[in-house]
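Dropping data-v6.txt in here (compact mmCIF, N, CA and C atoms):
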```
# COMPACT_ATOMS: atom_id res chain seq x y z
N MET Q 23 27.90 -50.38 -28.88
CA MET Q 23 28.48 -49.27 -28.17
C MET Q 23 29.36 -49.84 -27.07
N SER Q 24 30.51 -49.29 -26.96
CA SER Q 24 31.44 -49.80 -25.97
C SER Q 24 31.11 -49.24 -24.59
N LEU Q 25 31.65 -49.91 -23.61
CA LEU Q 25 31.43 -49.49 -22.21
C LEU Q 25 31.98 -48.09 -21.98
N ARG Q 26 33.11 -47.83 -22.62
CA ARG Q 26 33.74 -46.52 -22.45
C ARG Q 26 32.83 -45.44 -23.04
N THR Q 27 32.22 -45.63 -24.18
CA THR Q 27 31.33 -44.65 -24.80
C THR Q 27 30.07 -44.46 -23.96
N ALA Q 28 29.53 -45.56 -23.43
CA ALA Q 28 28.33 -45.47 -22.60
C ALA Q 28 28.60 -44.68 -21.34
N LEU Q 29 29.75 -44.92 -20.70
CA LEU Q 29 30.12 -44.16 -19.49
C LEU Q 29 30.33 -42.68 -19.81
N LEU Q 30 30.94 -42.42 -20.95
CA LEU Q 30 31.17 -41.03 -21.35
C LEU Q 30 29.84 -40.31 -21.59
N VAL Q 31 28.89 -40.96 -22.24
CA VAL Q 31 27.57 -40.36 -22.49
C VAL Q 31 26.84 -40.13 -21.17
N CYS Q 32 26.86 -41.11 -20.26
CA CYS Q 32 26.22 -40.95 -18.95
C CYS Q 32 26.85 -39.82 -18.15
N GLY Q 33 28.17 -39.73 -18.21
CA GLY Q 33 28.87 -38.66 -17.50
C GLY Q 33 28.50 -37.29 -18.04
N MET Q 34 28.42 -37.18 -19.37
CA MET Q 34 28.04 -35.90 -19.99
C MET Q 34 26.61 -35.52 -19.62
N CYS Q 35 25.72 -36.51 -19.59
CA CYS Q 35 24.32 -36.25 -19.19
C CYS Q 35 24.26 -35.78 -17.74
N ALA Q 36 25.04 -36.43 -16.87
CA ALA Q 36 25.04 -36.04 -15.47
C ALA Q 36 25.55 -34.61 -15.30
N VAL Q 37 26.60 -34.25 -16.02
CA VAL Q 37 27.14 -32.89 -15.94
C VAL Q 37 26.12 -31.89 -16.47
N ALA Q 38 25.44 -32.21 -17.56
CA ALA Q 38 24.44 -31.31 -18.13
C ALA Q 38 23.28 -31.10 -17.16
N VAL Q 39 22.79 -32.19 -16.55
CA VAL Q 39 21.70 -32.08 -15.59
C VAL Q 39 22.14 -31.25 -14.39
N PHE Q 40 23.33 -31.46 -13.88
CA PHE Q 40 23.85 -30.71 -12.75
C PHE Q 40 23.97 -29.22 -13.10
N ALA Q 41 24.46 -28.93 -14.32
CA ALA Q 41 24.64 -27.53 -14.73
C ALA Q 41 23.29 -26.82 -14.88
N ILE Q 42 22.29 -27.54 -15.35
CA ILE Q 42 20.98 -26.91 -15.57
C ILE Q 42 20.25 -26.69 -14.25
N THR Q 43 20.33 -27.67 -13.34
CA THR Q 43 19.55 -27.58 -12.11
C THR Q 43 20.19 -26.76 -11.01
N SER Q 44 21.47 -26.54 -11.04
CA SER Q 44 22.09 -25.73 -9.97
C SER Q 44 22.37 -24.34 -10.50
N PRO Q 45 21.77 -23.31 -9.89
CA PRO Q 45 22.02 -21.94 -10.37
C PRO Q 45 23.45 -21.53 -10.09
N ALA Q 46 23.95 -20.69 -10.98
CA ALA Q 46 25.33 -20.22 -10.82
C ALA Q 46 25.47 -19.37 -9.57
N GLU Q 47 24.45 -18.61 -9.27
CA GLU Q 47 24.49 -17.74 -8.10
C GLU Q 47 23.07 -17.54 -7.60
N TYR Q 48 22.88 -17.69 -6.31
CA TYR Q 48 21.55 -17.43 -5.76
C TYR Q 48 21.34 -15.93 -5.70
N ARG Q 49 20.32 -15.46 -6.40
CA ARG Q 49 20.05 -14.02 -6.43
C ARG Q 49 19.10 -13.65 -5.32
N LYS Q 50 19.38 -12.53 -4.71
CA LYS Q 50 18.47 -12.01 -3.69
C LYS Q 50 17.27 -11.42 -4.40
N PRO Q 51 16.07 -11.57 -3.83
CA PRO Q 51 14.91 -10.93 -4.46
C PRO Q 51 15.08 -9.42 -4.44
N ALA Q 52 14.59 -8.79 -5.48
CA ALA Q 52 14.69 -7.34 -5.57
C ALA Q 52 13.93 -6.69 -4.42
N ALA Q 53 14.54 -5.68 -3.85
CA ALA Q 53 13.88 -4.97 -2.75
C ALA Q 53 12.65 -4.25 -3.30
N PRO Q 54 11.52 -4.35 -2.59
CA PRO Q 54 10.33 -3.65 -3.09
C PRO Q 54 10.54 -2.14 -3.05
N THR Q 55 10.01 -1.48 -4.06
CA THR Q 55 10.15 -0.03 -4.09
C THR Q 55 9.11 0.59 -3.16
N THR Q 56 9.53 1.60 -2.46
CA THR Q 56 8.64 2.29 -1.53
C THR Q 56 8.31 3.65 -2.12
N PRO Q 57 7.03 3.92 -2.33
CA PRO Q 57 6.67 5.23 -2.88
C PRO Q 57 6.99 6.34 -1.89
N GLU Q 58 7.35 7.46 -2.42
CA GLU Q 58 7.65 8.64 -1.61
C GLU Q 58 6.47 9.59 -1.69
N PHE Q 59 5.83 9.86 -0.57
CA PHE Q 59 4.68 10.75 -0.53
C PHE Q 59 5.03 12.12 0.04
N GLY Q 60 6.30 12.39 0.23
CA GLY Q 60 6.74 13.61 0.89
C GLY Q 60 6.07 14.87 0.36
N GLY Q 61 5.33 15.54 1.23
CA GLY Q 61 4.71 16.81 0.89
C GLY Q 61 3.47 16.71 0.01
N LYS Q 62 3.08 15.52 -0.39
CA LYS Q 62 1.92 15.35 -1.26
C LYS Q 62 0.64 15.26 -0.44
N VAL Q 63 -0.46 15.63 -1.06
CA VAL Q 63 -1.80 15.45 -0.50
C VAL Q 63 -2.41 14.28 -1.26
N LEU Q 64 -2.92 13.30 -0.52
CA LEU Q 64 -3.44 12.09 -1.14
C LEU Q 64 -4.95 12.00 -0.95
N VAL Q 65 -5.64 11.63 -2.02
CA VAL Q 65 -7.05 11.31 -1.95
C VAL Q 65 -7.13 9.80 -2.13
N LEU Q 66 -7.58 9.10 -1.09
CA LEU Q 66 -7.64 7.65 -1.12
C LEU Q 66 -9.08 7.18 -1.22
N THR Q 67 -9.29 6.17 -2.05
CA THR Q 67 -10.57 5.49 -2.11
C THR Q 67 -10.30 4.04 -1.73
N LEU Q 68 -11.02 3.57 -0.72
CA LEU Q 68 -10.85 2.19 -0.28
C LEU Q 68 -11.84 1.28 -1.00
N SER Q 69 -11.59 -0.01 -0.94
CA SER Q 69 -12.43 -0.96 -1.66
C SER Q 69 -13.87 -0.98 -1.15
N ASP Q 70 -14.12 -0.49 0.06
CA ASP Q 70 -15.50 -0.44 0.58
C ASP Q 70 -16.13 0.92 0.34
N ASN Q 71 -15.57 1.72 -0.58
CA ASN Q 71 -16.01 3.06 -0.94
C ASN Q 71 -15.74 4.09 0.15
N GLY Q 72 -15.03 3.73 1.19
CA GLY Q 72 -14.58 4.69 2.18
C GLY Q 72 -13.35 5.41 1.64
N GLY Q 73 -12.74 6.21 2.47
CA GLY Q 73 -11.53 6.91 2.05
C GLY Q 73 -11.49 8.29 2.65
N GLY Q 74 -10.78 9.19 2.00
CA GLY Q 74 -10.67 10.55 2.48
C GLY Q 74 -9.50 11.26 1.85
N VAL Q 75 -9.22 12.44 2.39
CA VAL Q 75 -8.12 13.28 1.91
C VAL Q 75 -7.11 13.38 3.03
N PHE Q 76 -5.82 13.15 2.70
CA PHE Q 76 -4.79 13.03 3.73
C PHE Q 76 -3.51 13.74 3.31
N GLU Q 77 -2.74 14.11 4.32
CA GLU Q 77 -1.41 14.70 4.09
C GLU Q 77 -0.42 14.04 5.03
N SER Q 78 0.86 14.31 4.82
CA SER Q 78 1.95 13.77 5.65
C SER Q 78 1.89 12.24 5.72
N ALA Q 79 1.74 11.63 4.55
CA ALA Q 79 1.59 10.17 4.49
C ALA Q 79 2.93 9.47 4.57
N ASP Q 80 2.88 8.28 5.17
CA ASP Q 80 4.07 7.44 5.30
C ASP Q 80 3.60 5.99 5.28
N LEU Q 81 4.50 5.08 4.91
CA LEU Q 81 4.16 3.65 4.94
C LEU Q 81 4.71 3.03 6.21
N LYS Q 82 3.90 2.22 6.88
CA LYS Q 82 4.33 1.50 8.09
C LYS Q 82 3.86 0.06 7.96
N THR Q 83 4.61 -0.84 8.59
CA THR Q 83 4.27 -2.26 8.54
C THR Q 83 4.05 -2.79 9.94
N ILE Q 84 2.98 -3.54 10.10
CA ILE Q 84 2.72 -4.28 11.33
C ILE Q 84 2.57 -5.74 10.91
N GLY Q 85 3.44 -6.57 11.41
CA GLY Q 85 3.42 -7.98 11.00
C GLY Q 85 3.68 -8.07 9.52
N ASP Q 86 2.78 -8.70 8.79
CA ASP Q 86 2.94 -8.83 7.35
C ASP Q 86 2.02 -7.89 6.58
N ARG Q 87 1.41 -6.92 7.26
CA ARG Q 87 0.51 -5.96 6.60
C ARG Q 87 1.15 -4.58 6.54
N THR Q 88 0.94 -3.91 5.41
CA THR Q 88 1.48 -2.57 5.21
C THR Q 88 0.32 -1.58 5.22
N PHE Q 89 0.56 -0.44 5.87
CA PHE Q 89 -0.46 0.60 6.02
C PHE Q 89 0.08 1.92 5.52
N ILE Q 90 -0.82 2.76 4.98
CA ILE Q 90 -0.51 4.17 4.78
C ILE Q 90 -1.01 4.87 6.03
N VAL Q 91 -0.11 5.58 6.67
CA VAL Q 91 -0.45 6.33 7.88
C VAL Q 91 -0.35 7.80 7.50
N ALA Q 92 -1.47 8.53 7.65
CA ALA Q 92 -1.51 9.91 7.21
C ALA Q 92 -2.46 10.72 8.07
N THR Q 93 -2.33 12.05 8.00
CA THR Q 93 -3.18 12.95 8.75
C THR Q 93 -4.37 13.36 7.88
N ALA Q 94 -5.58 13.17 8.40
CA ALA Q 94 -6.80 13.49 7.65
C ALA Q 94 -6.99 15.01 7.57
N ILE Q 95 -7.53 15.44 6.44
CA ILE Q 95 -7.80 16.86 6.18
C ILE Q 95 -9.32 17.03 6.04
N ASP Q 96 -9.85 18.07 6.65
CA ASP Q 96 -11.28 18.38 6.49
C ASP Q 96 -11.44 19.17 5.20
N MET Q 97 -12.22 18.63 4.28
CA MET Q 97 -12.44 19.28 2.99
C MET Q 97 -13.79 19.99 2.94
N GLY Q 98 -14.32 20.36 4.11
CA GLY Q 98 -15.61 21.02 4.16
C GLY Q 98 -16.75 20.05 4.35
N ASN Q 99 -16.43 18.79 4.54
CA ASN Q 99 -17.48 17.78 4.74
C ASN Q 99 -17.56 17.32 6.19
N GLN Q 100 -16.92 18.08 7.07
CA GLN Q 100 -16.93 17.81 8.51
C GLN Q 100 -16.46 16.39 8.84
N ASP Q 101 -15.33 16.02 8.25
CA ASP Q 101 -14.73 14.71 8.51
C ASP Q 101 -14.30 14.64 9.97
N TRP Q 102 -14.85 13.72 10.73
CA TRP Q 102 -14.55 13.60 12.16
C TRP Q 102 -13.09 13.20 12.40
N ARG Q 103 -12.40 12.73 11.37
CA ARG Q 103 -10.99 12.33 11.52
C ARG Q 103 -10.01 13.47 11.28
N ALA Q 104 -10.49 14.65 10.90
CA ALA Q 104 -9.61 15.76 10.55
C ALA Q 104 -8.60 16.02 11.66
N GLY Q 105 -7.34 16.07 11.28
CA GLY Q 105 -6.26 16.30 12.23
C GLY Q 105 -5.72 15.04 12.88
N ALA Q 106 -6.42 13.93 12.77
CA ALA Q 106 -5.98 12.66 13.38
C ALA Q 106 -5.12 11.87 12.41
N ARG Q 107 -4.22 11.04 12.96
CA ARG Q 107 -3.43 10.12 12.13
C ARG Q 107 -4.30 8.89 11.87
N VAL Q 108 -4.48 8.56 10.61
CA VAL Q 108 -5.35 7.46 10.20
C VAL Q 108 -4.50 6.38 9.55
N TRP Q 109 -4.75 5.13 9.92
CA TRP Q 109 -4.05 3.97 9.34
C TRP Q 109 -5.00 3.27 8.38
N MET Q 110 -4.56 3.10 7.13
CA MET Q 110 -5.37 2.41 6.12
C MET Q 110 -4.53 1.33 5.48
N ALA Q 111 -5.07 0.11 5.44
CA ALA Q 111 -4.34 -1.02 4.86
C ALA Q 111 -4.14 -0.80 3.37
N VAL Q 112 -2.90 -0.96 2.92
CA VAL Q 112 -2.58 -0.79 1.50
C VAL Q 112 -3.38 -1.78 0.65
N SER Q 113 -3.61 -2.97 1.17
CA SER Q 113 -4.34 -3.99 0.42
C SER Q 113 -5.80 -3.59 0.16
N GLU Q 114 -6.31 -2.62 0.92
CA GLU Q 114 -7.71 -2.19 0.77
C GLU Q 114 -7.85 -0.96 -0.13
N ILE Q 115 -6.74 -0.41 -0.60
CA ILE Q 115 -6.80 0.81 -1.41
C ILE Q 115 -7.20 0.46 -2.84
N HIS Q 116 -8.26 1.13 -3.29
CA HIS Q 116 -8.77 0.93 -4.64
C HIS Q 116 -8.18 1.98 -5.58
N GLN Q 117 -8.03 3.20 -5.08
CA GLN Q 117 -7.50 4.29 -5.90
C GLN Q 117 -6.76 5.27 -5.00
N LEU Q 118 -5.66 5.83 -5.53
CA LEU Q 118 -4.89 6.83 -4.82
C LEU Q 118 -4.58 7.95 -5.80
N VAL Q 119 -4.96 9.17 -5.45
CA VAL Q 119 -4.71 10.33 -6.31
C VAL Q 119 -3.81 11.29 -5.54
N GLU Q 120 -2.72 11.74 -6.17
CA GLU Q 120 -1.77 12.66 -5.54
C GLU Q 120 -2.00 14.08 -6.02
N PHE Q 121 -1.90 15.03 -5.08
CA PHE Q 121 -1.91 16.44 -5.40
C PHE Q 121 -0.68 17.07 -4.79
N ASN Q 122 -0.21 18.16 -5.39
CA ASN Q 122 1.00 18.81 -4.90
C ASN Q 122 0.76 19.58 -3.61
N ASN Q 123 -0.47 20.07 -3.39
CA ASN Q 123 -0.75 20.84 -2.19
C ASN Q 123 -2.23 20.76 -1.85
N VAL Q 124 -2.58 21.30 -0.69
CA VAL Q 124 -3.96 21.24 -0.21
C VAL Q 124 -4.89 22.05 -1.10
N GLU Q 125 -4.42 23.19 -1.61
CA GLU Q 125 -5.28 24.04 -2.45
C GLU Q 125 -5.71 23.29 -3.71
N ASP Q 126 -4.77 22.59 -4.37
CA ASP Q 126 -5.13 21.83 -5.57
C ASP Q 126 -6.12 20.72 -5.24
N ALA Q 127 -5.92 20.07 -4.10
CA ALA Q 127 -6.83 19.00 -3.69
C ALA Q 127 -8.21 19.56 -3.40
N ARG Q 128 -8.28 20.73 -2.74
CA ARG Q 128 -9.58 21.35 -2.44
C ARG Q 128 -10.34 21.70 -3.73
N LYS Q 129 -9.63 22.26 -4.71
CA LYS Q 129 -10.27 22.62 -5.98
C LYS Q 129 -10.85 21.38 -6.65
N ALA Q 130 -10.07 20.33 -6.72
CA ALA Q 130 -10.53 19.10 -7.36
C ALA Q 130 -11.68 18.47 -6.58
N TYR Q 131 -11.57 18.49 -5.25
CA TYR Q 131 -12.61 17.91 -4.39
C TYR Q 131 -13.92 18.65 -4.55
N GLN Q 132 -13.84 19.99 -4.54
CA GLN Q 132 -15.06 20.79 -4.69
C GLN Q 132 -15.68 20.60 -6.06
N ALA Q 133 -14.85 20.53 -7.08
CA ALA Q 133 -15.38 20.33 -8.43
C ALA Q 133 -16.07 18.97 -8.54
N ALA Q 134 -15.54 17.98 -7.86
CA ALA Q 134 -16.09 16.63 -7.98
C ALA Q 134 -17.28 16.38 -7.07
N PHE Q 135 -17.26 16.93 -5.85
CA PHE Q 135 -18.25 16.53 -4.86
C PHE Q 135 -19.18 17.63 -4.37
N GLN Q 136 -18.77 18.87 -4.39
CA GLN Q 136 -19.58 19.93 -3.82
C GLN Q 136 -20.63 20.46 -4.78
N ASN Q 137 -20.43 20.32 -6.08
CA ASN Q 137 -21.35 20.90 -7.05
C ASN Q 137 -22.24 19.83 -7.69
N MET Q 138 -22.46 18.76 -6.99
CA MET Q 138 -23.28 17.69 -7.55
C MET Q 138 -24.76 18.05 -7.46
N THR Q 139 -25.47 17.85 -8.54
CA THR Q 139 -26.91 18.05 -8.50
C THR Q 139 -27.55 16.74 -8.07
N PRO Q 140 -28.58 16.80 -7.29
CA PRO Q 140 -29.20 15.56 -6.83
C PRO Q 140 -29.76 14.77 -8.02
N ARG Q 141 -29.60 13.47 -7.93
CA ARG Q 141 -30.13 12.61 -8.99
C ARG Q 141 -31.63 12.49 -8.82
N GLN Q 142 -32.33 12.59 -9.91
CA GLN Q 142 -33.77 12.46 -9.87
C GLN Q 142 -34.18 11.11 -10.42
N ARG Q 143 -35.15 10.56 -9.79
CA ARG Q 143 -35.69 9.29 -10.22
C ARG Q 143 -36.55 9.52 -11.46
N PRO Q 144 -36.43 8.66 -12.49
CA PRO Q 144 -37.25 8.87 -13.68
C PRO Q 144 -38.74 8.72 -13.36
N ALA Q 145 -39.56 9.50 -14.06
CA ALA Q 145 -41.01 9.44 -13.84
C ALA Q 145 -41.52 8.08 -14.26
N ARG Q 146 -42.44 7.57 -13.49
CA ARG Q 146 -43.05 6.27 -13.81
C ARG Q 146 -44.09 6.45 -14.89
N LYS Q 147 -44.17 5.45 -15.72
CA LYS Q 147 -45.18 5.45 -16.78
C LYS Q 147 -46.32 4.54 -16.35
N PRO Q 148 -47.52 4.81 -16.78
CA PRO Q 148 -48.64 3.96 -16.40
C PRO Q 148 -48.47 2.52 -16.86
N THR Q 149 -47.62 2.28 -17.83
CA THR Q 149 -47.45 0.91 -18.32
C THR Q 149 -46.46 0.11 -17.49
N ASP Q 150 -45.90 0.70 -16.41
CA ASP Q 150 -44.93 0.00 -15.57
C ASP Q 150 -45.59 -1.14 -14.81
N GLY Q 151 -46.90 -1.15 -14.68
CA GLY Q 151 -47.59 -2.26 -14.05
C GLY Q 151 -47.77 -2.11 -12.55
N LEU Q 152 -47.26 -1.09 -11.94
CA LEU Q 152 -47.43 -0.92 -10.50
C LEU Q 152 -48.07 0.39 -10.17
```
Could you rewrite the structure in this file as C-alpha cells?
Amino acid sequence: MSLRTALLVCGMCAVAVFAITSPAEYRKPAAPTTPEFGGKVLVLTLSDNGGGVFESADLKTIGDRTFIVATAIDMGNQDWRAGARVWMAVSEIHQLVEFNNVEDARKAYQAAFQNMTPRQRPARKPTDGL
C-alpha cells in the first residue's frame, strides 16, 4: 500500500469519526408538559395512604421539587384542611383522579367510602391451636 493510499484511508477514517461524534445541531430538551387542572376536582392518594379531595389545583415549584397546590374540600369526613391551600409533593402522589365538578366527586366519594360495611374477623376454629 502506498503512502498516499494510507494517508487517504486515515483521512477518511478521521472524517467519519468526526461526523459520527459531533452532532449536526445541539437539540434543546423538550419542555415538560404541564397538566391543566382548570376547574377540575382532584382526588389524590399519596404514597403513605394520605390524600384528600381538592379543587383549584395548580403546579408550583420550590427548588427542584414540584408540588400540587390546591384547596381542600370537606367531603363529609370533617377534614380539618377544608378551605385551606394544601401543598403536596408530586413525587409522593400514588394516584390522581379527576372529576368535572364537586357533585360528581361527592357521588363517587360517598359510593366508595360512606357505604362501607365494617369488616368482620373470621370466626376462630378450635383447631387454630390458640
Excluding segment 82-93 of chain Q and any residue of its chain fewer than 3 positions from it, enumerate the residues within 8 Å of it, using only C-alpha atoms, and give them as number ranges by chain. Q: 76-79, 104-113
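As for atom N of Ile115 of chain Q and atom CA of Leu66 of chain Q, they are spaced 8.1 Å apart.
Applying the 6 Å criterion to (3.0, 16.7, -5.4) in file coordinates and using all atoms listed in the file, one obtains the residues Gly61, Lys62, Val63, Glu120, Phe121, Asn122 and Asn123 of chain Q.
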Please measure the separation of atom CA of Val124 of chain Q and atom CA of Asn99 of chain Q, giving the value in Å to one decimal. 14.8 Å
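The interatomic distance for the pair atom C of Gly74 of chain Q and atom C of Asp126 of chain Q works out to 12.3 Å.
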Please identify the strand (DSSP E) residues within segment 73-148 of chain Q (assignment by DSSP from backbone atoms) and present them as a VMD selection string. chain Q and resid 73 to 84 87 to 94 107 to 111 115 to 121
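Ranking Q:Leu25, Q:Val65, Q:Ala94, Q:Met34 by their shortest atom-to-atom distance to Leu118 of chain Q, with all atoms listed in the file included, puts Q:Val65 first.
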Take the structure in the block and write a file for segment 82-102 of chain Q, C-alpha atoms, as an mmCIF file, in the first residue's frame.
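Saved the output as selection18.cif:
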```cif
data_model
loop_
_atom_site.group_PDB
_atom_site.id
_atom_site.type_symbol
_atom_site.label_atom_id
_atom_site.label_comp_id
_atom_site.auth_asym_id
_atom_site.auth_seq_id
_atom_site.Cartn_x
_atom_site.Cartn_y
_atom_site.Cartn_z
ATOM 1 C CA LYS Q 82 -45.732 25.196 41.828
ATOM 2 C CA THR Q 83 -42.006 24.573 42.129
ATOM 3 C CA ILE Q 84 -39.735 25.230 45.080
ATOM 4 C CA GLY Q 85 -36.111 24.494 44.306
ATOM 5 C CA ASP Q 86 -36.074 21.236 42.380
ATOM 6 C CA ARG Q 87 -39.368 19.905 43.825
ATOM 7 C CA THR Q 88 -42.779 20.281 42.216
ATOM 8 C CA PHE Q 89 -45.981 20.496 44.247
ATOM 9 C CA ILE Q 90 -49.692 20.416 43.533
ATOM 10 C CA VAL Q 91 -51.172 23.326 45.437
ATOM 11 C CA ALA Q 92 -54.935 23.060 45.861
ATOM 12 C CA THR Q 93 -57.831 23.957 48.153
ATOM 13 C CA ALA Q 94 -59.116 21.061 50.285
ATOM 14 C CA ILE Q 95 -62.816 20.173 50.160
ATOM 15 C CA ASP Q 96 -64.756 18.668 53.067
ATOM 16 C CA MET Q 97 -66.487 15.544 51.780
ATOM 17 C CA GLY Q 98 -68.425 14.928 54.995
ATOM 18 C CA ASN Q 99 -65.455 13.422 56.796
ATOM 19 C CA GLN Q 100 -64.656 16.610 58.737
ATOM 20 C CA ASP Q 101 -61.321 17.177 57.008
ATOM 21 C CA TRP Q 102 -59.503 19.766 59.141
#
```
